[in-house]
Amino acid sequence: MTQNHVTGMEASAVSVLKRAVELDQSSRFQESLVCYQEGIQLLMDVLKAVKDDSKKVHYRAKIKGYMDRAEQIKVHVNQLKEDGKYHEQIRIAEDATGYSYEVLFKPYISSTLTEVWVEDPYIRHIHQLYNFLRFCEMLLKASCKVKRIHLLTSQDEGDSGQQTGALAEVKQSLQAQGVSLELQYSSTIHDREIRFDNGWIIKIGRGLDYFKKPKGRFSIGYCDYDLRQCQETSVDIFHTKHTKTL
């Protein structure tokens, strides 16, 4: 392994661990835990690659410090979950970027996740239907084995078949991937929330529709949602030992 490669890995580790500390200090513990774990793994890769003994001692001390903090967070989060008191809030500022579904939901996705409930009254217009499709794609690519997705939304009364046709196509496409989509409509639904059967509940003020319309079809952020500007909203995360059934 070249020195440049080692230097690159070290820079990546520093960046990820810096983010972990920032999230930790903001009490965004579940997110910080994911970053600590990723950063520690990067530092361990650096440790394996370096030859200098003094550097090895330095990296081992750093790794131990971060592992100790990650373990403290894990114990703290597990206790809050056990007591039913876990609550975390993320504030997404107007025009902020870096909040794709992959980034937002990753800390709460685990290998035990198999079923998801989405309640969102606004999965009706074309861009909202694409948002839901993108959310489903994110689940398929994530480190979990989702087998069933439930969607509760409102029906677009003025729809000429666009909403029902699009959701039927999503359902058929998911079925080909071994995932069932259960659709329900409600004329009184107002709240927006997403529940995972591993206990996590994510409530986004604007639901899945928190992205701004891109400035043009060939503007940065049109394809990559990490680069898409967001509308101001808040995200509240809770945990319960009792998962919801519809």
# chains A, B, ... in the order shown; residues from 1 in each chain; ligands from 1
$ residues_around --residues "Ile202 in chain A" --least-positions-apart "2" --cutoff "9 Å" --atoms "only C-alpha atoms" --output "number ranges by chain"
A: 105, 108, 192-196, 200, 204, 235-239
$ residues_around --residues "Gly221 in chain A" --least-positions-apart "5" --cutoff "12 Å" --atoms "only C-alpha atoms" --output "list in words"
Asp95, Ala96, Thr97, Gly98, Tyr99, Ser100, Phe211, Lys212, Lys213, Pro214, Lys215, Gly216, Asp226, Leu227, Arg228, Gln229 and Cys230 of chain A
$ write_last_selection --atoms "N, CA and C atoms" --output "PDB file, in the first residue's frame"
ATOM      1  N   ASP A  95     -32.646  25.532   2.340  1.00  0.00           N
ATOM      2  CA  ASP A  95     -31.589  25.436   1.314  1.00  0.00           C
ATOM      3  C   ASP A  95     -30.432  24.513   1.705  1.00  0.00           C
ATOM      4  N   ALA A  96     -30.562  23.789   2.825  1.00  0.00           N
ATOM      5  CA  ALA A  96     -29.499  22.849   3.235  1.00  0.00           C
ATOM      6  C   ALA A  96     -29.400  21.714   2.224  1.00  0.00           C
ATOM      7  N   THR A  97     -28.214  21.141   2.102  1.00  0.00           N
ATOM      8  CA  THR A  97     -28.011  19.969   1.251  1.00  0.00           C
ATOM      9  C   THR A  97     -27.383  18.857   2.108  1.00  0.00           C
ATOM     10  N   GLY A  98     -27.319  17.658   1.528  1.00  0.00           N
ATOM     11  CA  GLY A  98     -26.717  16.539   2.255  1.00  0.00           C
ATOM     12  C   GLY A  98     -27.719  15.718   3.030  1.00  0.00           C
ATOM     13  N   TYR A  99     -28.999  15.812   2.663  1.00  0.00           N
ATOM     14  CA  TYR A  99     -30.046  15.098   3.398  1.00  0.00           C
ATOM     15  C   TYR A  99     -30.842  14.145   2.498  1.00  0.00           C
ATOM     16  N   SER A 100     -30.136  13.405   1.676  1.00  0.00           N
ATOM     17  CA  SER A 100     -30.821  12.388   0.873  1.00  0.00           C
ATOM     18  C   SER A 100     -31.448  11.362   1.809  1.00  0.00           C
ATOM     19  N   PHE A 211     -37.749  18.120  -0.274  1.00  0.00           N
ATOM     20  CA  PHE A 211     -36.767  18.628  -1.237  1.00  0.00           C
ATOM     21  C   PHE A 211     -37.356  19.765  -2.064  1.00  0.00           C
ATOM     22  N   LYS A 212     -36.517  20.727  -2.406  1.00  0.00           N
ATOM     23  CA  LYS A 212     -36.951  21.816  -3.274  1.00  0.00           C
ATOM     24  C   LYS A 212     -36.930  21.365  -4.731  1.00  0.00           C
ATOM     25  N   LYS A 213     -37.734  22.015  -5.512  1.00  0.00           N
ATOM     26  CA  LYS A 213     -37.721  21.746  -6.945  1.00  0.00           C
ATOM     27  C   LYS A 213     -36.387  22.232  -7.512  1.00  0.00           C
ATOM     28  N   PRO A 214     -35.716  21.413  -8.314  1.00  0.00           N
ATOM     29  CA  PRO A 214     -34.434  21.865  -8.880  1.00  0.00           C
ATOM     30  C   PRO A 214     -34.632  23.041  -9.817  1.00  0.00           C
ATOM     31  N   LYS A 215     -33.575  23.838  -9.980  1.00  0.00           N
ATOM     32  CA  LYS A 215     -33.692  25.037 -10.805  1.00  0.00           C
ATOM     33  C   LYS A 215     -33.884  24.705 -12.285  1.00  0.00           C
ATOM     34  N   GLY A 216     -33.453  23.517 -12.670  1.00  0.00           N
ATOM     35  CA  GLY A 216     -33.610  23.101 -14.067  1.00  0.00           C
ATOM     36  C   GLY A 216     -33.323  21.617 -14.196  1.00  0.00           C
ATOM     37  N   ASP A 226     -28.316  14.096  -2.541  1.00  0.00           N
ATOM     38  CA  ASP A 226     -27.411  14.650  -1.542  1.00  0.00           C
ATOM     39  C   ASP A 226     -27.078  16.098  -1.875  1.00  0.00           C
ATOM     40  N   LEU A 227     -27.201  16.455  -3.152  1.00  0.00           N
ATOM     41  CA  LEU A 227     -26.883  17.805  -3.619  1.00  0.00           C
ATOM     42  C   LEU A 227     -28.133  18.665  -3.831  1.00  0.00           C
ATOM     43  N   ARG A 228     -29.300  18.074  -3.595  1.00  0.00           N
ATOM     44  CA  ARG A 228     -30.566  18.813  -3.782  1.00  0.00           C
ATOM     45  C   ARG A 228     -30.844  19.677  -2.550  1.00  0.00           C
ATOM     46  N   GLN A 229     -31.217  20.918  -2.775  1.00  0.00           N
ATOM     47  CA  GLN A 229     -31.561  21.811  -1.671  1.00  0.00           C
ATOM     48  C   GLN A 229     -32.868  21.370  -1.018  1.00  0.00           C
ATOM     49  N   CYS A 230     -32.948  21.612   0.286  1.00  0.00           N
ATOM     50  CA  CYS A 230     -34.121  21.189   1.057  1.00  0.00           C
ATOM     51  C   CYS A 230     -34.947  22.389   1.502  1.00  0.00           C
TER      52      CYS A 230
END
$ closest_atom_pairs --of "range 66-113 of chain A" --to "range 14-29 of chain A" --cutoff "9 Å" --atoms "only C-alpha atoms" --output "Markdown table"
| residue | atom | partner | partner_atom | distance |
| --- | --- | --- | --- | --- |
| A:Tyr66 | CA | A:Leu17 | CA | 8.5 |
| A:Ile73 | CA | A:Phe29 | CA | 6.6 |
| A:Lys74 | CA | A:Phe29 | CA | 8.3 |
| A:His76 | CA | A:Phe29 | CA | 8.8 |
| A:Val77 | CA | A:Phe29 | CA | 7.2 |
| A:Glu88 | CA | A:Arg28 | CA | 6.2 |
| A:Gln89 | CA | A:Arg28 | CA | 7.5 |
| A:Ile90 | CA | A:Arg28 | CA | 7.7 |
$ write_last_selection --atoms "all heavy atoms" --output "compact mmCIF listing (two decimals), in the first residue's frame"
# COMPACT_ATOMS: atom_id res chain seq x y z
N TYR A 66 -11.81 6.40 20.83
CA TYR A 66 -13.07 6.46 20.07
C TYR A 66 -13.95 5.24 20.35
O TYR A 66 -15.18 5.36 20.42
CB TYR A 66 -12.78 6.57 18.57
CG TYR A 66 -12.25 7.93 18.15
CD1 TYR A 66 -11.03 8.04 17.47
CD2 TYR A 66 -12.94 9.10 18.45
CE1 TYR A 66 -10.53 9.28 17.09
CE2 TYR A 66 -12.45 10.35 18.08
CZ TYR A 66 -11.25 10.43 17.40
OH TYR A 66 -10.77 11.66 17.03
N ILE A 73 -21.86 5.60 24.23
CA ILE A 73 -23.06 6.04 23.50
C ILE A 73 -24.03 4.88 23.32
O ILE A 73 -25.25 5.01 23.50
CB ILE A 73 -22.68 6.65 22.14
CG1 ILE A 73 -21.95 7.98 22.34
CG2 ILE A 73 -23.93 6.87 21.27
CD1 ILE A 73 -21.38 8.56 21.07
N LYS A 74 -23.48 3.71 22.96
CA LYS A 74 -24.32 2.54 22.73
C LYS A 74 -25.10 2.17 24.00
O LYS A 74 -26.30 1.90 23.95
CB LYS A 74 -23.45 1.36 22.29
CG LYS A 74 -24.23 0.17 21.75
CD LYS A 74 -23.33 -0.97 21.34
CE LYS A 74 -22.42 -0.60 20.18
NZ LYS A 74 -21.61 -1.75 19.72
N HIS A 76 -25.80 4.20 26.51
CA HIS A 76 -26.75 5.29 26.77
C HIS A 76 -27.99 5.17 25.89
O HIS A 76 -29.13 5.28 26.38
CB HIS A 76 -26.05 6.63 26.52
CG HIS A 76 -26.94 7.83 26.71
ND1 HIS A 76 -27.50 8.15 27.92
CD2 HIS A 76 -27.36 8.78 25.83
CE1 HIS A 76 -28.24 9.25 27.79
NE2 HIS A 76 -28.16 9.65 26.53
N VAL A 77 -27.79 4.94 24.60
CA VAL A 77 -28.91 4.82 23.66
C VAL A 77 -29.76 3.60 24.01
O VAL A 77 -31.00 3.69 24.02
CB VAL A 77 -28.39 4.72 22.20
CG1 VAL A 77 -29.51 4.28 21.27
CG2 VAL A 77 -27.82 6.06 21.75
N GLU A 88 -34.74 12.19 19.54
CA GLU A 88 -33.68 12.97 18.90
C GLU A 88 -34.33 13.86 17.86
O GLU A 88 -35.30 13.46 17.21
CB GLU A 88 -32.70 11.99 18.25
CG GLU A 88 -31.57 12.62 17.46
CD GLU A 88 -30.71 11.54 16.80
OE1 GLU A 88 -30.66 10.41 17.30
OE2 GLU A 88 -30.10 11.86 15.76
N GLN A 89 -33.85 15.08 17.72
CA GLN A 89 -34.41 15.97 16.70
C GLN A 89 -33.31 16.50 15.78
O GLN A 89 -32.25 16.91 16.24
CB GLN A 89 -35.15 17.15 17.33
CG GLN A 89 -35.86 18.00 16.28
CD GLN A 89 -36.72 19.10 16.89
OE1 GLN A 89 -36.19 20.14 17.29
NE2 GLN A 89 -38.03 18.88 16.93
N ILE A 90 -33.60 16.43 14.50
CA ILE A 90 -32.71 16.97 13.48
C ILE A 90 -33.44 18.14 12.82
O ILE A 90 -34.59 18.00 12.39
CB ILE A 90 -32.37 15.91 12.43
CG1 ILE A 90 -31.69 14.71 13.08
CG2 ILE A 90 -31.48 16.50 11.33
CD1 ILE A 90 -31.58 13.50 12.16
$ atom_distance --atom1 "CA of Glu169 in chain A" --atom2 "CA of Leu129 in chain A"
10.8 Å
$ select_by_dssp --residues "range 116-145 of chain A" --states "helix (DSSP H, G or I)" --output "list of chain:residue names"
A:Ile126, A:His127, A:Gln128, A:Leu129, A:Tyr130, A:Asn131, A:Phe132, A:Leu133, A:Arg134, A:Phe135, A:Cys136, A:Glu137, A:Met138, A:Leu139, A:Leu140, A:Lys141
$ write_last_selection --atoms "all heavy atoms" --output "compact mmCIF listing (two decimals), in the first residue's frame"
# COMPACT_ATOMS: atom_id res chain seq x y z
N ILE A 126 -46.84 13.90 -9.09
CA ILE A 126 -45.80 13.13 -9.75
C ILE A 126 -44.48 13.16 -8.98
O ILE A 126 -43.82 12.13 -8.79
CB ILE A 126 -45.61 13.59 -11.23
CG1 ILE A 126 -44.71 12.62 -11.98
CG2 ILE A 126 -45.12 15.02 -11.30
CD1 ILE A 126 -45.33 11.28 -12.24
N HIS A 127 -44.05 14.35 -8.50
CA HIS A 127 -42.77 14.42 -7.78
C HIS A 127 -42.85 13.70 -6.44
O HIS A 127 -41.86 13.13 -5.97
CB HIS A 127 -42.32 15.88 -7.60
CG HIS A 127 -43.07 16.65 -6.56
ND1 HIS A 127 -44.33 17.17 -6.80
CD2 HIS A 127 -42.76 16.97 -5.27
CE1 HIS A 127 -44.76 17.80 -5.71
NE2 HIS A 127 -43.82 17.68 -4.77
N GLN A 128 -44.05 13.69 -5.82
CA GLN A 128 -44.22 12.98 -4.55
C GLN A 128 -44.20 11.46 -4.76
O GLN A 128 -43.67 10.71 -3.93
CB GLN A 128 -45.53 13.41 -3.89
CG GLN A 128 -45.53 14.88 -3.49
CD GLN A 128 -46.93 15.42 -3.20
OE1 GLN A 128 -47.94 14.81 -3.57
NE2 GLN A 128 -46.98 16.57 -2.55
N LEU A 129 -44.76 11.02 -5.87
CA LEU A 129 -44.73 9.59 -6.23
C LEU A 129 -43.29 9.14 -6.49
O LEU A 129 -42.88 8.05 -6.09
CB LEU A 129 -45.62 9.34 -7.45
CG LEU A 129 -47.12 9.50 -7.19
CD1 LEU A 129 -47.88 9.72 -8.49
CD2 LEU A 129 -47.67 8.29 -6.45
N TYR A 130 -42.52 10.02 -7.15
CA TYR A 130 -41.10 9.70 -7.37
C TYR A 130 -40.34 9.68 -6.05
O TYR A 130 -39.42 8.86 -5.86
CB TYR A 130 -40.46 10.72 -8.32
CG TYR A 130 -40.65 10.38 -9.78
CD1 TYR A 130 -41.24 11.29 -10.66
CD2 TYR A 130 -40.24 9.15 -10.29
CE1 TYR A 130 -41.42 10.98 -11.99
CE2 TYR A 130 -40.41 8.84 -11.62
CZ TYR A 130 -41.01 9.75 -12.48
OH TYR A 130 -41.18 9.43 -13.80
N ASN A 131 -40.71 10.55 -5.10
CA ASN A 131 -40.08 10.53 -3.78
C ASN A 131 -40.29 9.18 -3.11
O ASN A 131 -39.36 8.60 -2.54
CB ASN A 131 -40.66 11.63 -2.88
CG ASN A 131 -40.14 13.01 -3.22
OD1 ASN A 131 -39.11 13.16 -3.87
ND2 ASN A 131 -40.87 14.03 -2.79
N PHE A 132 -41.52 8.69 -3.17
CA PHE A 132 -41.83 7.39 -2.55
C PHE A 132 -41.07 6.26 -3.24
O PHE A 132 -40.53 5.37 -2.58
CB PHE A 132 -43.33 7.12 -2.58
CG PHE A 132 -43.71 5.80 -1.98
CD1 PHE A 132 -43.55 5.58 -0.61
CD2 PHE A 132 -44.20 4.76 -2.77
CE1 PHE A 132 -43.89 4.35 -0.05
CE2 PHE A 132 -44.52 3.53 -2.22
CZ PHE A 132 -44.36 3.32 -0.85
N LEU A 133 -40.99 6.33 -4.56
CA LEU A 133 -40.22 5.33 -5.30
C LEU A 133 -38.76 5.37 -4.89
O LEU A 133 -38.14 4.33 -4.67
CB LEU A 133 -40.36 5.58 -6.81
CG LEU A 133 -39.50 4.68 -7.72
CD1 LEU A 133 -39.86 3.21 -7.54
CD2 LEU A 133 -39.68 5.10 -9.19
N ARG A 134 -38.21 6.57 -4.75
CA ARG A 134 -36.80 6.71 -4.35
C ARG A 134 -36.59 6.17 -2.93
O ARG A 134 -35.57 5.55 -2.65
CB ARG A 134 -36.39 8.19 -4.44
CG ARG A 134 -34.91 8.43 -4.22
CD ARG A 134 -34.51 9.83 -4.62
NE ARG A 134 -34.40 9.97 -6.06
CZ ARG A 134 -35.27 10.59 -6.84
NH1 ARG A 134 -36.36 11.13 -6.32
NH2 ARG A 134 -35.09 10.67 -8.14
N PHE A 135 -37.56 6.38 -2.06
CA PHE A 135 -37.49 5.83 -0.70
C PHE A 135 -37.47 4.30 -0.74
O PHE A 135 -36.68 3.67 -0.04
CB PHE A 135 -38.68 6.33 0.11
CG PHE A 135 -38.79 5.74 1.50
CD1 PHE A 135 -37.97 6.19 2.53
CD2 PHE A 135 -39.71 4.74 1.77
CE1 PHE A 135 -38.06 5.64 3.80
CE2 PHE A 135 -39.81 4.19 3.04
CZ PHE A 135 -38.99 4.64 4.06
N CYS A 136 -38.30 3.71 -1.58
CA CYS A 136 -38.33 2.25 -1.73
C CYS A 136 -37.00 1.74 -2.28
O CYS A 136 -36.49 0.70 -1.83
CB CYS A 136 -39.48 1.83 -2.65
SG CYS A 136 -41.13 2.13 -1.97
N GLU A 137 -36.44 2.45 -3.24
CA GLU A 137 -35.14 2.05 -3.81
C GLU A 137 -34.06 2.10 -2.74
O GLU A 137 -33.18 1.23 -2.69
CB GLU A 137 -34.78 2.97 -4.98
CG GLU A 137 -35.65 2.76 -6.21
CD GLU A 137 -35.36 3.77 -7.31
OE1 GLU A 137 -34.85 4.87 -7.00
OE2 GLU A 137 -35.66 3.47 -8.49
N MET A 138 -34.11 3.12 -1.88
CA MET A 138 -33.15 3.24 -0.79
C MET A 138 -33.22 2.02 0.12
O MET A 138 -32.19 1.46 0.52
CB MET A 138 -33.43 4.53 0.00
CG MET A 138 -32.52 4.79 1.18
SD MET A 138 -33.05 4.00 2.74
CE MET A 138 -34.64 4.78 3.01
N LEU A 139 -34.43 1.56 0.43
CA LEU A 139 -34.60 0.39 1.30
C LEU A 139 -34.03 -0.86 0.64
O LEU A 139 -33.41 -1.70 1.30
CB LEU A 139 -36.08 0.19 1.63
CG LEU A 139 -36.73 1.22 2.56
CD1 LEU A 139 -38.23 0.97 2.66
CD2 LEU A 139 -36.09 1.17 3.95
N LEU A 140 -34.24 -0.99 -0.66
CA LEU A 140 -33.74 -2.17 -1.38
C LEU A 140 -32.21 -2.23 -1.38
O LEU A 140 -31.62 -3.31 -1.35
CB LEU A 140 -34.25 -2.17 -2.82
CG LEU A 140 -35.73 -2.48 -3.02
CD1 LEU A 140 -36.12 -2.30 -4.49
CD2 LEU A 140 -36.06 -3.90 -2.56
N LYS A 141 -31.57 -1.06 -1.41
CA LYS A 141 -30.10 -1.00 -1.45
C LYS A 141 -29.47 -1.06 -0.06
O LYS A 141 -28.27 -1.31 0.06
CB LYS A 141 -29.65 0.29 -2.14
CG LYS A 141 -29.95 0.33 -3.63
CD LYS A 141 -29.78 1.73 -4.20
CE LYS A 141 -28.37 2.25 -4.04
NZ LYS A 141 -28.22 3.62 -4.58
$ atom_distance --atom1 "CA of Ala168 in chain A" --atom2 "CA of Ala142 in chain A"
23.0 Å
$ select_by_dssp --residues "range 20-95 of chain A" --states "strand (DSSP E)" --output "PyMOL selection string"
chain A and resi 87-92
$ write_last_selection --atoms "N, CA, C and O atoms" --output "compact mmCIF listing (two decimals), in the first residue's frame"
# COMPACT_ATOMS: atom_id res chain seq x y z
N HIS A 87 -35.46 10.20 22.24
CA HIS A 87 -35.96 11.24 21.34
C HIS A 87 -34.79 12.05 20.83
O HIS A 87 -33.95 12.51 21.60
N GLU A 88 -34.74 12.19 19.54
CA GLU A 88 -33.68 12.97 18.90
C GLU A 88 -34.33 13.86 17.86
O GLU A 88 -35.30 13.46 17.21
N GLN A 89 -33.85 15.08 17.72
CA GLN A 89 -34.41 15.97 16.70
C GLN A 89 -33.31 16.50 15.78
O GLN A 89 -32.25 16.91 16.24
N ILE A 90 -33.60 16.43 14.50
CA ILE A 90 -32.71 16.97 13.48
C ILE A 90 -33.44 18.14 12.82
O ILE A 90 -34.59 18.00 12.39
N ARG A 91 -32.79 19.27 12.76
CA ARG A 91 -33.38 20.43 12.08
C ARG A 91 -32.70 20.62 10.73
O ARG A 91 -31.49 20.81 10.67
N ILE A 92 -33.48 20.55 9.69
CA ILE A 92 -32.97 20.76 8.34
C ILE A 92 -33.25 22.22 7.97
O ILE A 92 -34.40 22.66 7.95
$ residues_around --residues "range 60-63 of chain A" --least-positions-apart "6" --cutoff "8 Å" --atoms "only C-alpha atoms" --output "number ranges by chain"
A: 40, 43-44, 47
$ write_last_selection --atoms "C-alpha atoms" --output "PDB file, in the first residue's frame"
ATOM      1  CA  ILE A  40     -12.793   3.486  13.774  1.00  0.00           C
ATOM      2  CA  LEU A  43      -8.314   4.037  11.510  1.00  0.00           C
ATOM      3  CA  MET A  44      -7.873   0.289  11.963  1.00  0.00           C
ATOM      4  CA  LEU A  47      -3.032   0.955  11.646  1.00  0.00           C
TER       5      LEU A  47
END
$ atom_distance --atom1 "CA of Cys223 in chain A" --atom2 "CA of Gly207 in chain A"
19.8 Å
$ residues_around --residues "Val6 in chain A" --least-positions-apart "5" --cutoff "10 Å" --atoms "only C-alpha atoms" --output "PyMOL selection string"
chain A and resi 1+11-12+43+45-50
$ write_last_selection --atoms "N, CA and C atoms" --output "PDB file, in the first residue's frame"
ATOM      1  N   MET A   1       0.844  -1.197   0.000  1.00  0.00           N
ATOM      2  CA  MET A   1       0.000   0.000   0.000  1.00  0.00           C
ATOM      3  C   MET A   1       0.880   1.250   0.000  1.00  0.00           C
ATOM      4  N   ALA A  11      -7.028  10.743   6.126  1.00  0.00           N
ATOM      5  CA  ALA A  11      -7.839  11.952   5.930  1.00  0.00           C
ATOM      6  C   ALA A  11      -9.327  11.619   5.986  1.00  0.00           C
ATOM      7  N   SER A  12      -9.708  10.494   5.394  1.00  0.00           N
ATOM      8  CA  SER A  12     -11.111  10.050   5.422  1.00  0.00           C
ATOM      9  C   SER A  12     -11.548   9.760   6.851  1.00  0.00           C
ATOM     10  N   LEU A  43      -9.557   3.925  10.744  1.00  0.00           N
ATOM     11  CA  LEU A  43      -8.314   4.037  11.510  1.00  0.00           C
ATOM     12  C   LEU A  43      -7.642   2.671  11.684  1.00  0.00           C
ATOM     13  N   ASP A  45      -7.761   0.269   9.541  1.00  0.00           N
ATOM     14  CA  ASP A  45      -7.125  -0.014   8.242  1.00  0.00           C
ATOM     15  C   ASP A  45      -5.795   0.727   8.116  1.00  0.00           C
ATOM     16  N   VAL A  46      -5.771   1.973   8.624  1.00  0.00           N
ATOM     17  CA  VAL A  46      -4.528   2.757   8.621  1.00  0.00           C
ATOM     18  C   VAL A  46      -3.488   2.075   9.517  1.00  0.00           C
ATOM     19  N   LEU A  47      -3.925   1.631  10.701  1.00  0.00           N
ATOM     20  CA  LEU A  47      -3.032   0.955  11.646  1.00  0.00           C
ATOM     21  C   LEU A  47      -2.360  -0.268  11.017  1.00  0.00           C
ATOM     22  N   LYS A  48      -3.126  -1.025  10.249  1.00  0.00           N
ATOM     23  CA  LYS A  48      -2.582  -2.215   9.593  1.00  0.00           C
ATOM     24  C   LYS A  48      -1.531  -1.852   8.542  1.00  0.00           C
ATOM     25  N   ALA A  49      -1.678  -0.667   7.968  1.00  0.00           N
ATOM     26  CA  ALA A  49      -0.817  -0.281   6.839  1.00  0.00           C
ATOM     27  C   ALA A  49       0.482   0.406   7.258  1.00  0.00           C
ATOM     28  N   VAL A  50       0.471   1.086   8.412  1.00  0.00           N
ATOM     29  CA  VAL A  50       1.685   1.830   8.805  1.00  0.00           C
ATOM     30  C   VAL A  50       2.757   0.889   9.341  1.00  0.00           C
TER      31      VAL A  50
END
$ residues_around --residues "Ser186 in chain A" --least-positions-apart "5" --cutoff "12 Å" --atoms "only C-alpha atoms" --output "list in words"
Glu119, Asp120, Pro121, Tyr122, Ile123, Leu151, Leu152, Thr153, Ser154, Gln155, Asp156, Glu157 and Asp191 of chain A
$ write_last_selection --atoms "C-alpha atoms" --output "compact mmCIF listing (two decimals), in the first residue's frame"
# COMPACT_ATOMS: atom_id res chain seq x y z
CA GLU A 119 -47.99 7.35 6.64
CA ASP A 120 -47.90 10.41 4.42
CA PRO A 121 -50.99 12.21 3.06
CA TYR A 122 -49.03 13.66 0.15
CA ILE A 123 -47.95 10.79 -2.07
CA LEU A 151 -48.28 2.94 2.54
CA LEU A 152 -51.17 4.92 4.00
CA THR A 153 -51.86 8.10 2.02
CA SER A 154 -54.73 10.24 0.78
CA GLN A 155 -56.34 9.78 -2.60
CA ASP A 156 -56.11 12.56 -5.14
CA GLU A 157 -59.78 13.19 -5.95
CA ASP A 191 -49.80 13.06 10.40
$ residues_around --residues "Val34 in chain A" --least-positions-apart "4" --cutoff "8 Å" --atoms "only C-alpha atoms" --output "list in words"
Ala20, Gln30, Glu38 and Pro107 of chain A
$ write_last_selection --atoms "all heavy atoms" --output "compact mmCIF listing (two decimals), in the first residue's frame"
# COMPACT_ATOMS: atom_id res chain seq x y z
N ALA A 20 -18.50 12.61 13.61
CA ALA A 20 -19.02 11.83 14.74
C ALA A 20 -19.03 12.68 16.01
O ALA A 20 -20.02 12.68 16.77
CB ALA A 20 -18.17 10.58 14.95
N GLN A 30 -27.47 8.38 17.78
CA GLN A 30 -27.52 7.24 16.87
C GLN A 30 -26.71 7.52 15.60
O GLN A 30 -25.99 6.66 15.10
CB GLN A 30 -28.98 6.90 16.50
CG GLN A 30 -29.16 5.61 15.73
CD GLN A 30 -28.78 4.37 16.51
OE1 GLN A 30 -28.77 4.38 17.74
NE2 GLN A 30 -28.45 3.30 15.81
N GLU A 38 -17.70 3.82 11.59
CA GLU A 38 -17.06 3.92 10.27
C GLU A 38 -15.64 4.49 10.41
O GLU A 38 -14.70 4.00 9.78
CB GLU A 38 -17.89 4.81 9.35
CG GLU A 38 -19.20 4.16 8.91
CD GLU A 38 -20.01 5.06 7.98
OE1 GLU A 38 -19.55 6.18 7.68
OE2 GLU A 38 -21.10 4.63 7.56
N PRO A 107 -28.81 5.67 9.80
CA PRO A 107 -28.53 5.30 11.20
C PRO A 107 -29.59 4.41 11.83
O PRO A 107 -29.33 3.79 12.87
CB PRO A 107 -28.47 6.66 11.91
CG PRO A 107 -28.16 7.65 10.83
CD PRO A 107 -28.87 7.13 9.62
